Structures are given as C-alpha cells and as structure tokens.
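Heads up, start22.csv below (CSV, N, CA and C atoms):
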```csv
chain,number,residue,atom,x,y,z
A,28,MET,N,-138.0,-165.1,95.7
A,28,MET,CA,-136.7,-164.7,95.6
A,28,MET,C,-136.4,-163.6,96.6
A,29,HIS,N,-135.7,-163.9,97.7
A,29,HIS,CA,-135.4,-162.9,98.7
A,29,HIS,C,-134.4,-161.8,98.3
A,30,GLU,N,-133.8,-162.0,97.1
A,30,GLU,CA,-132.9,-160.9,96.6
A,30,GLU,C,-133.7,-159.6,96.4
A,31,PHE,N,-135.0,-159.6,96.1
A,31,PHE,CA,-135.7,-158.4,95.9
A,31,PHE,C,-135.8,-157.7,97.2
A,32,ALA,N,-136.1,-158.4,98.3
A,32,ALA,CA,-136.2,-157.8,99.6
A,32,ALA,C,-134.8,-157.2,100.1
A,33,LEU,N,-133.8,-157.9,99.8
A,33,LEU,CA,-132.4,-157.4,100.1
A,33,LEU,C,-132.1,-156.1,99.3
A,34,VAL,N,-132.5,-156.1,98.0
A,34,VAL,CA,-132.2,-154.9,97.2
A,34,VAL,C,-133.1,-153.7,97.8
A,35,ARG,N,-134.3,-154.0,98.1
A,35,ARG,CA,-135.2,-152.9,98.6
A,35,ARG,C,-134.6,-152.3,99.9
A,36,SER,N,-134.1,-153.2,100.8
A,36,SER,CA,-133.5,-152.8,102.1
A,36,SER,C,-132.3,-152.0,101.8
A,37,MET,N,-131.4,-152.5,100.9
A,37,MET,CA,-130.2,-151.8,100.6
A,37,MET,C,-130.5,-150.4,100.1
A,38,LEU,N,-131.5,-150.3,99.2
A,38,LEU,CA,-131.8,-149.0,98.6
A,38,LEU,C,-132.3,-148.0,99.7
A,39,VAL,N,-133.0,-148.5,100.7
A,39,VAL,CA,-133.5,-147.6,101.8
A,39,VAL,C,-132.2,-147.1,102.5
A,40,GLN,N,-131.3,-148.0,102.8
A,40,GLN,CA,-130.0,-147.5,103.5
A,40,GLN,C,-129.3,-146.6,102.6
A,41,VAL,N,-129.1,-146.9,101.3
A,41,VAL,CA,-128.4,-146.0,100.4
A,41,VAL,C,-129.1,-144.6,100.3
A,42,ALA,N,-130.4,-144.6,100.2
A,42,ALA,CA,-131.1,-143.3,100.1
A,42,ALA,C,-130.8,-142.4,101.4
A,43,ALA,N,-130.8,-143.0,102.5
A,43,ALA,CA,-130.5,-142.3,103.8
A,43,ALA,C,-129.1,-141.7,103.7
A,44,ILE,N,-128.1,-142.5,103.2
A,44,ILE,CA,-126.7,-142.1,103.2
A,44,ILE,C,-126.6,-141.0,102.1
A,45,VAL,N,-127.2,-141.1,101.0
A,45,VAL,CA,-127.2,-140.1,100.0
A,45,VAL,C,-127.7,-138.8,100.5
A,46,ALA,N,-128.9,-138.8,101.2
A,46,ALA,CA,-129.5,-137.6,101.8
A,46,ALA,C,-128.5,-137.0,102.9
A,47,ASP,N,-127.9,-137.9,103.7
A,47,ASP,CA,-127.0,-137.4,104.7
A,47,ASP,C,-125.8,-136.7,104.1
A,48,GLN,N,-125.4,-137.1,102.9
A,48,GLN,CA,-124.2,-136.6,102.3
A,48,GLN,C,-124.6,-135.3,101.5
A,49,GLY,N,-125.9,-135.0,101.4
A,49,GLY,CA,-126.3,-133.8,100.6
A,49,GLY,C,-126.3,-134.0,99.1
A,50,GLY,N,-126.3,-135.3,98.7
A,50,GLY,CA,-126.3,-135.6,97.3
A,50,GLY,C,-127.7,-135.7,96.8
A,51,GLN,N,-127.7,-135.9,95.5
A,51,GLN,CA,-129.0,-136.1,94.8
A,51,GLN,C,-129.3,-137.5,94.4
A,52,GLU,N,-128.3,-138.3,94.1
A,52,GLU,CA,-128.4,-139.7,93.8
A,52,GLU,C,-127.1,-140.4,94.0
A,53,ALA,N,-127.2,-141.7,93.9
A,53,ALA,CA,-126.0,-142.6,94.0
A,53,ALA,C,-125.6,-142.9,92.6
A,54,GLU,N,-124.4,-142.6,92.2
A,54,GLU,CA,-123.9,-143.0,90.9
A,54,GLU,C,-123.5,-144.4,90.9
A,55,GLU,N,-123.0,-144.9,92.0
A,55,GLU,CA,-122.6,-146.3,92.0
A,55,GLU,C,-122.7,-146.9,93.4
A,56,ILE,N,-123.1,-148.1,93.5
A,56,ILE,CA,-123.2,-148.8,94.8
A,56,ILE,C,-122.3,-150.1,94.6
A,57,ARG,N,-121.4,-150.2,95.6
A,57,ARG,CA,-120.5,-151.4,95.6
A,57,ARG,C,-120.8,-152.3,96.8
A,58,LEU,N,-121.1,-153.6,96.4
A,58,LEU,CA,-121.4,-154.6,97.4
A,58,LEU,C,-120.4,-155.6,97.5
A,59,ARG,N,-120.2,-156.2,98.7
A,59,ARG,CA,-119.4,-157.4,98.8
A,59,ARG,C,-120.4,-158.5,99.3
A,60,CYS,N,-120.4,-159.5,98.5
A,60,CYS,CA,-121.4,-160.6,98.8
A,60,CYS,C,-120.6,-161.9,99.0
A,61,GLY,N,-120.7,-162.4,100.2
A,61,GLY,CA,-120.0,-163.6,100.6
A,61,GLY,C,-120.5,-164.8,99.9
A,62,ALA,N,-119.6,-165.7,99.6
A,62,ALA,CA,-120.0,-167.0,98.9
A,62,ALA,C,-120.9,-167.8,99.7
A,63,PHE,N,-120.9,-167.6,101.0
A,63,PHE,CA,-121.7,-168.4,101.9
A,63,PHE,C,-122.8,-167.6,102.6
A,64,ALA,N,-123.2,-166.5,101.9
A,64,ALA,CA,-124.2,-165.5,102.5
A,64,ALA,C,-125.6,-166.0,102.2
A,65,GLY,N,-125.8,-167.0,101.4
A,65,GLY,CA,-127.1,-167.4,101.0
A,65,GLY,C,-127.8,-166.5,100.0
A,66,VAL,N,-127.0,-165.7,99.3
A,66,VAL,CA,-127.5,-164.8,98.3
A,66,VAL,C,-126.8,-165.1,97.0
A,67,ASP,N,-127.5,-165.2,95.9
A,67,ASP,CA,-127.0,-165.4,94.6
A,67,ASP,C,-126.7,-164.0,94.0
A,68,PRO,N,-125.4,-163.7,93.7
A,68,PRO,CA,-125.0,-162.3,93.2
A,68,PRO,C,-125.7,-162.0,91.9
A,69,THR,N,-125.9,-163.1,91.0
A,69,THR,CA,-126.6,-162.8,89.7
A,69,THR,C,-128.0,-162.5,89.9
A,70,LEU,N,-128.7,-163.1,90.9
A,70,LEU,CA,-130.1,-162.8,91.1
A,70,LEU,C,-130.2,-161.4,91.8
A,71,LEU,N,-129.2,-161.1,92.7
A,71,LEU,CA,-129.2,-159.8,93.3
A,71,LEU,C,-129.1,-158.7,92.3
A,72,ALA,N,-128.2,-158.9,91.3
A,72,ALA,CA,-128.0,-157.9,90.2
A,72,ALA,C,-129.3,-157.8,89.4
A,73,ALA,N,-129.9,-159.0,89.1
A,73,ALA,CA,-131.1,-159.0,88.3
A,73,ALA,C,-132.3,-158.3,89.0
A,74,ALA,N,-132.4,-158.5,90.3
A,74,ALA,CA,-133.4,-157.8,91.1
A,74,ALA,C,-133.2,-156.3,91.1
A,75,PHE,N,-132.0,-155.8,91.2
A,75,PHE,CA,-131.7,-154.4,91.1
A,75,PHE,C,-132.1,-153.9,89.8
A,76,GLU,N,-131.7,-154.6,88.7
A,76,GLU,CA,-132.0,-154.1,87.4
A,76,GLU,C,-133.6,-154.0,87.1
A,77,MET,N,-134.3,-154.9,87.8
A,77,MET,CA,-135.8,-154.9,87.6
A,77,MET,C,-136.4,-153.8,88.4
A,78,LEU,N,-135.8,-153.5,89.5
A,78,LEU,CA,-136.4,-152.5,90.4
A,78,LEU,C,-136.1,-151.0,90.1
A,79,ARG,N,-135.0,-150.8,89.3
A,79,ARG,CA,-134.5,-149.4,89.1
A,79,ARG,C,-135.2,-148.6,88.0
A,80,PRO,N,-135.8,-149.2,87.0
A,80,PRO,CA,-136.4,-148.3,85.9
A,80,PRO,C,-137.5,-147.4,86.5
A,81,GLY,N,-137.5,-146.2,86.1
A,81,GLY,CA,-138.5,-145.2,86.6
A,81,GLY,C,-138.4,-144.8,88.0
A,82,THR,N,-137.2,-145.0,88.6
A,82,THR,CA,-137.0,-144.6,90.0
A,82,THR,C,-135.8,-143.7,90.1
A,83,ALA,N,-135.4,-143.3,91.3
A,83,ALA,CA,-134.3,-142.4,91.5
A,83,ALA,C,-133.0,-143.2,91.2
A,84,TRP,N,-133.1,-144.5,91.1
A,84,TRP,CA,-131.9,-145.4,90.9
A,84,TRP,C,-131.7,-145.7,89.5
A,85,GLU,N,-132.4,-145.1,88.6
A,85,GLU,CA,-132.3,-145.5,87.2
A,85,GLU,C,-130.9,-145.4,86.6
A,86,ARG,N,-130.1,-144.4,87.0
A,86,ARG,CA,-128.8,-144.2,86.5
A,86,ARG,C,-127.7,-144.8,87.4
A,87,THR,N,-128.1,-145.4,88.5
A,87,THR,CA,-127.1,-146.0,89.4
A,87,THR,C,-126.5,-147.3,88.9
A,88,ARG,N,-125.2,-147.5,89.0
A,88,ARG,CA,-124.6,-148.7,88.7
A,88,ARG,C,-124.4,-149.5,90.0
A,89,LEU,N,-124.6,-150.8,89.9
A,89,LEU,CA,-124.4,-151.8,91.0
A,89,LEU,C,-123.2,-152.6,90.6
A,90,ARG,N,-122.2,-152.6,91.5
A,90,ARG,CA,-121.0,-153.5,91.4
A,90,ARG,C,-121.0,-154.5,92.5
A,91,ILE,N,-120.9,-155.8,92.2
A,91,ILE,CA,-120.9,-156.8,93.2
A,91,ILE,C,-119.6,-157.6,93.2
A,92,GLU,N,-118.9,-157.7,94.3
A,92,GLU,CA,-117.7,-158.5,94.4
A,92,GLU,C,-118.0,-159.6,95.3
A,93,VAL,N,-117.7,-160.8,94.9
A,93,VAL,CA,-117.9,-162.0,95.7
A,93,VAL,C,-116.7,-162.3,96.6
A,94,ASP,N,-117.0,-162.4,97.9
A,94,ASP,CA,-115.9,-162.8,98.8
A,94,ASP,C,-115.9,-164.3,99.1
A,95,PRO,N,-114.8,-164.9,99.0
A,95,PRO,CA,-114.8,-166.4,99.3
A,95,PRO,C,-115.0,-166.6,100.8
A,96,LEU,N,-115.4,-167.8,101.1
A,96,LEU,CA,-115.6,-168.2,102.5
A,96,LEU,C,-114.2,-168.5,103.1
A,97,GLU,N,-114.0,-167.9,104.3
A,97,GLU,CA,-112.8,-168.2,105.0
A,97,GLU,C,-113.1,-168.6,106.4
A,98,LEU,N,-112.4,-169.7,106.8
A,98,LEU,CA,-112.7,-170.3,108.1
A,98,LEU,C,-111.4,-170.3,109.0
A,99,ARG,N,-111.6,-170.4,110.3
A,99,ARG,CA,-110.5,-170.6,111.2
A,99,ARG,C,-110.8,-171.8,112.1
A,100,CYS,N,-109.7,-172.6,112.2
A,100,CYS,CA,-109.8,-173.8,113.0
A,100,CYS,C,-109.6,-173.4,114.5
A,101,ASP,N,-110.6,-173.8,115.4
A,101,ASP,CA,-110.4,-173.6,116.8
A,101,ASP,C,-109.4,-174.6,117.4
A,102,ALA,N,-109.1,-175.7,116.8
A,102,ALA,CA,-108.1,-176.6,117.3
A,102,ALA,C,-106.7,-176.2,117.1
A,103,CYS,N,-106.4,-175.8,115.8
A,103,CYS,CA,-105.0,-175.5,115.5
A,103,CYS,C,-104.7,-174.0,115.3
A,104,GLY,N,-105.8,-173.2,115.1
A,104,GLY,CA,-105.7,-171.8,115.0
A,104,GLY,C,-105.4,-171.3,113.5
A,105,GLU,N,-105.3,-172.3,112.6
A,105,GLU,CA,-105.0,-171.9,111.2
A,105,GLU,C,-106.3,-171.4,110.5
A,106,SER,N,-106.1,-170.4,109.6
A,106,SER,CA,-107.2,-169.9,108.8
A,106,SER,C,-107.0,-170.6,107.4
A,107,PHE,N,-108.2,-170.8,106.7
A,107,PHE,CA,-108.1,-171.4,105.4
A,107,PHE,C,-109.4,-171.2,104.7
A,108,ARG,N,-109.4,-171.4,103.4
A,108,ARG,CA,-110.6,-171.4,102.5
A,108,ARG,C,-110.9,-172.9,102.3
A,109,PRO,N,-112.1,-173.3,102.7
A,109,PRO,CA,-112.5,-174.7,102.5
A,109,PRO,C,-112.8,-175.1,101.1
A,110,ASP,N,-112.6,-176.3,100.8
A,110,ASP,CA,-112.8,-176.9,99.5
A,110,ASP,C,-114.3,-177.3,99.4
A,111,GLN,N,-115.1,-176.7,98.6
A,111,GLN,CA,-116.5,-177.1,98.3
A,111,GLN,C,-117.3,-177.1,99.6
A,112,PHE,N,-117.1,-176.0,100.4
A,112,PHE,CA,-117.8,-175.8,101.7
A,112,PHE,C,-117.7,-177.0,102.6
A,113,ARG,N,-116.6,-177.7,102.6
A,113,ARG,CA,-116.3,-178.8,103.6
A,113,ARG,C,-115.8,-178.1,104.9
A,114,PHE,N,-116.6,-178.2,105.9
A,114,PHE,CA,-116.2,-177.5,107.2
A,114,PHE,C,-115.4,-178.4,108.1
A,115,VAL,N,-114.2,-178.8,107.6
A,115,VAL,CA,-113.2,-179.5,108.3
A,115,VAL,C,-111.9,-178.9,108.0
A,116,CYS,N,-111.1,-178.7,109.0
A,116,CYS,CA,-109.8,-178.0,108.9
A,116,CYS,C,-108.9,-178.8,107.9
A,117,ILE,N,-108.4,-178.0,106.9
A,117,ILE,CA,-107.5,-178.7,105.9
A,117,ILE,C,-106.1,-178.9,106.5
A,118,HIS,N,-105.8,-178.3,107.7
A,118,HIS,CA,-104.5,-178.5,108.3
A,118,HIS,C,-104.4,-179.6,109.3
A,119,CYS,N,-105.4,-179.8,110.1
A,119,CYS,CA,-105.4,-180.8,111.2
A,119,CYS,C,-106.6,-181.8,111.1
A,120,GLY,N,-107.6,-181.5,110.3
A,120,GLY,CA,-108.7,-182.4,110.2
A,120,GLY,C,-109.8,-182.2,111.2
A,121,SER,N,-109.7,-181.2,112.1
A,121,SER,CA,-110.7,-180.9,113.1
A,121,SER,C,-112.0,-180.3,112.5
A,122,PRO,N,-113.1,-180.8,113.0
A,122,PRO,CA,-114.4,-180.1,112.5
A,122,PRO,C,-114.7,-178.9,113.3
A,123,ARG,N,-113.9,-178.5,114.3
A,123,ARG,CA,-114.1,-177.3,115.1
A,123,ARG,C,-113.6,-176.0,114.4
A,124,VAL,N,-114.4,-175.6,113.4
A,124,VAL,CA,-114.1,-174.4,112.7
A,124,VAL,C,-115.2,-173.4,112.8
A,125,ARG,N,-114.8,-172.1,112.5
A,125,ARG,CA,-115.8,-171.0,112.5
A,125,ARG,C,-115.5,-170.1,111.3
A,126,GLU,N,-116.6,-169.4,110.9
A,126,GLU,CA,-116.5,-168.5,109.8
A,126,GLU,C,-115.8,-167.2,110.2
A,127,LEU,N,-114.8,-166.8,109.3
A,127,LEU,CA,-114.2,-165.5,109.5
A,127,LEU,C,-114.8,-164.5,108.5
A,128,SER,N,-115.0,-164.9,107.3
A,128,SER,CA,-115.6,-164.0,106.3
A,128,SER,C,-116.2,-164.8,105.2
A,129,GLY,N,-117.0,-164.1,104.3
A,129,GLY,CA,-117.6,-164.8,103.2
A,129,GLY,C,-119.0,-165.2,103.5
A,130,ASP,N,-119.6,-164.7,104.7
A,130,ASP,CA,-121.0,-165.1,105.0
A,130,ASP,C,-121.9,-163.9,105.2
A,131,GLN,N,-121.5,-162.8,104.6
A,131,GLN,CA,-122.2,-161.5,104.7
A,131,GLN,C,-122.5,-160.8,103.4
A,132,VAL,N,-123.4,-159.9,103.4
A,132,VAL,CA,-123.6,-159.0,102.3
A,132,VAL,C,-123.4,-157.6,102.9
A,133,ILE,N,-122.4,-156.9,102.3
A,133,ILE,CA,-122.0,-155.6,102.9
A,133,ILE,C,-122.0,-154.5,101.8
A,134,ILE,N,-122.6,-153.4,102.2
A,134,ILE,CA,-122.4,-152.2,101.3
A,134,ILE,C,-121.0,-151.7,101.6
A,135,GLU,N,-120.2,-151.9,100.6
A,135,GLU,CA,-118.8,-151.5,100.7
A,135,GLU,C,-118.6,-150.0,100.5
A,136,SER,N,-119.2,-149.4,99.5
A,136,SER,CA,-119.1,-148.0,99.2
A,136,SER,C,-120.2,-147.5,98.3
A,137,ILE,N,-120.4,-146.2,98.4
A,137,ILE,CA,-121.4,-145.6,97.6
A,137,ILE,C,-120.8,-144.3,97.0
A,138,VAL,N,-120.9,-144.2,95.7
A,138,VAL,CA,-120.5,-143.0,95.0
A,138,VAL,C,-121.7,-142.1,94.9
A,139,VAL,N,-121.6,-141.0,95.7
A,139,VAL,CA,-122.8,-140.1,95.7
A,139,VAL,C,-122.6,-139.0,94.7
A,140,ALA,N,-123.6,-138.7,93.9
A,140,ALA,CA,-123.6,-137.7,92.9
A,140,ALA,C,-123.9,-136.4,93.7
A,141,ALA,N,-122.9,-135.5,93.7
A,141,ALA,CA,-123.0,-134.2,94.4
A,141,ALA,C,-123.8,-133.2,93.6
A,142,PRO,N,-124.3,-132.2,94.3
A,142,PRO,CA,-125.0,-131.1,93.5
A,142,PRO,C,-124.2,-130.6,92.4
A,143,ALA,N,-124.8,-130.0,91.4
A,143,ALA,CA,-124.1,-129.6,90.2
A,143,ALA,C,-122.9,-128.8,90.4
A,144,ASN,N,-122.7,-128.1,91.4
A,144,ASN,CA,-121.6,-127.2,91.6
A,144,ASN,C,-120.5,-127.9,92.5
A,145,ALA,N,-120.6,-129.2,92.8
A,145,ALA,CA,-119.6,-129.9,93.6
A,145,ALA,C,-119.2,-131.2,93.0
A,146,ASP,N,-118.1,-131.8,93.5
A,146,ASP,CA,-117.6,-133.0,93.0
A,146,ASP,C,-118.3,-134.2,93.7
A,147,ALA,N,-118.3,-135.4,93.0
A,147,ALA,CA,-118.9,-136.6,93.6
A,147,ALA,C,-118.0,-137.0,94.8
A,148,SER,N,-118.6,-137.7,95.8
A,148,SER,CA,-117.8,-138.2,96.9
A,148,SER,C,-118.2,-139.6,97.1
A,149,THR,N,-117.2,-140.3,97.7
A,149,THR,CA,-117.4,-141.7,98.0
A,149,THR,C,-117.7,-141.9,99.5
A,150,HIS,N,-118.7,-142.7,99.9
A,150,HIS,CA,-119.0,-142.9,101.3
A,150,HIS,C,-118.7,-144.4,101.6
A,151,GLU,N,-117.9,-144.7,102.6
A,151,GLU,CA,-117.6,-146.0,103.0
A,151,GLU,C,-118.6,-146.4,104.0
A,152,GLU,N,-119.2,-147.6,103.8
A,152,GLU,CA,-120.3,-148.0,104.7
A,152,GLU,C,-119.9,-149.4,105.3
A,153,GLY,N,-120.6,-149.7,106.4
A,153,GLY,CA,-120.3,-151.0,107.1
A,153,GLY,C,-121.3,-152.0,106.6
A,154,GLU,N,-121.6,-153.0,107.5
A,154,GLU,CA,-122.4,-154.1,107.2
A,154,GLU,C,-123.8,-153.8,106.9
A,155,SER,N,-124.4,-154.5,105.9
A,155,SER,CA,-125.8,-154.3,105.5
A,155,SER,C,-126.7,-155.3,106.3
```
Kindly return the structure encoded in the file as structure tokens.
Amino acid sequence: MHEFALVRSMLVQVAAIVADQGGQEAEEIRLRCGAFAGVDPTLLAAAFEMLRPGTAWERTRLRIEVDPLELRCDACGESFRPDQFRFVCIHCGSPRVRELSGDQVIIESIVVAAPANADASTHEEGES
C-alpha cells in the first residue's frame, strides 16, 4: 500500500512547515486528492490513523477532499469532466484531451498550533 509512503512523506513536509511557523504541532491537515491521482482517499486516511498513535501527530486531524478529474480538449478547447474516465471529448468526440485537474495529491492547508500565548495560524501550501 503506497499510501503509507505518501503519508510519511506528507508528515515530513508538514513537520518542516510547522517548525518554520514556530508552532508545536499541526491541529489539522487538509489534503486535496484527485480522483485520478492513483491514491485511494480511504486508504490514505487509514494509513494516517495507523501511523499517528504515539507520535507528534496523535491529536492532528486529517481532512481529505476529493477533486474530480477535469480534462480539456485540444481539438475544440472545451473543458469537461469525463464520464467514467473515458478520455474522449464529450463535446466533439476527439481523443486529443489533457488533464487539467484531479490527478494530484496536494497539501491544501495546515492549521498550526501556536505556542500557548499565541493564536493558531493557517498555512497555505502548494503541491505535495
């Protein structure tokens, strides 16, 4: 299950961001997981739940939003969401399409727990 490796990699990135922000832990991690990213969001959440007990992530919440696959046709220029991953333009029938979104796993934001005398802050992050 490669979801364990993805979660471990994500936690390394989140730990660096939390440290850069001067926080002590992440209260919440929000991910966007594309429907065509090759990652099962349920297994990703399960891997996180299995890895967090007894670690600095024990109280961290993981929120996962699934992004649908969106394509653009190179022939007619229209964007669309394919039906059942059928990579043919629904407008003109051309097979010349490319992915616009829904094929990535992205750390969308991290809620960093601030030191006891400060408020929590949210860090927006780019692609994972």
Open item on the list: Please report the interatomic distance between atom N of A:Ile117 and atom CA of A:Val93 in Å with one decimal.
Closed with: 21.7 Å
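Going from atom C of A:Met37 over to atom C of A:Ala62, you cover 19.9 Å.
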- [ ] Return as number ranges by chain the full set of residues in chain A whose backbone-based DSSP assignment is alpha helix (DSSP H).
- [x] A: 30-47, 68-78
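Proximity to A:Glu52 at 7 Å, evaluated using all atoms listed in the file and with sequence-adjacent residues fewer than 4 positions away removed, yields Val45, Ala83, Val138, Val139, Ala140 and Ala141 of chain A.
Near A:Ser106, within 8 Å and counting only N, CA and C atoms, sit A:Glu97, A:Leu98, A:Arg99, A:Cys100, A:Cys103, A:Pro109, A:Ile117, A:His118, not including residues fewer than 3 positions from it in the same chain.
Distance check against A:Gln51 using only C-alpha atoms: of A:Arg86, A:Ser136, A:Gln111, A:Glu92, the minimum falls on A:Arg86.
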Task: Separation of atom CA of A:Phe31 from atom CA of A:Ala72, in Å and rounded to one decimal - done: 9.6 Å
- [ ] Would you list, as a PyMOL selection string, the residues of chain A that end up in strand (DSSP E) under DSSP run on this structure's backbone?
- [x] chain A and resi 52-61+88-94+97-100+106-107+124-128+132-140+148-151
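Using only C-alpha atoms, the shortest contact distance between A:Ile91 and any of A:His29, A:Gly61, A:Arg125, A:Val115 is found at A:Gly61.
Considering the residues A:Ile134, A:Val66, A:Ala102, A:Ala74 and counting only C-alpha atoms, A:Ser121 has its shortest atom-to-atom contact with A:Ala102.
Distances here use only C-alpha atoms; by that measure, the residue among A:Glu135, A:Arg113, A:Pro122, A:Val34 closest to A:Leu71 is A:Val34.
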Task: Among listed residues A:Pro68, A:Val132, A:Asp94, A:Ala42, nearest A:Glu54 (using only C-alpha atoms) - done: A:Ala42
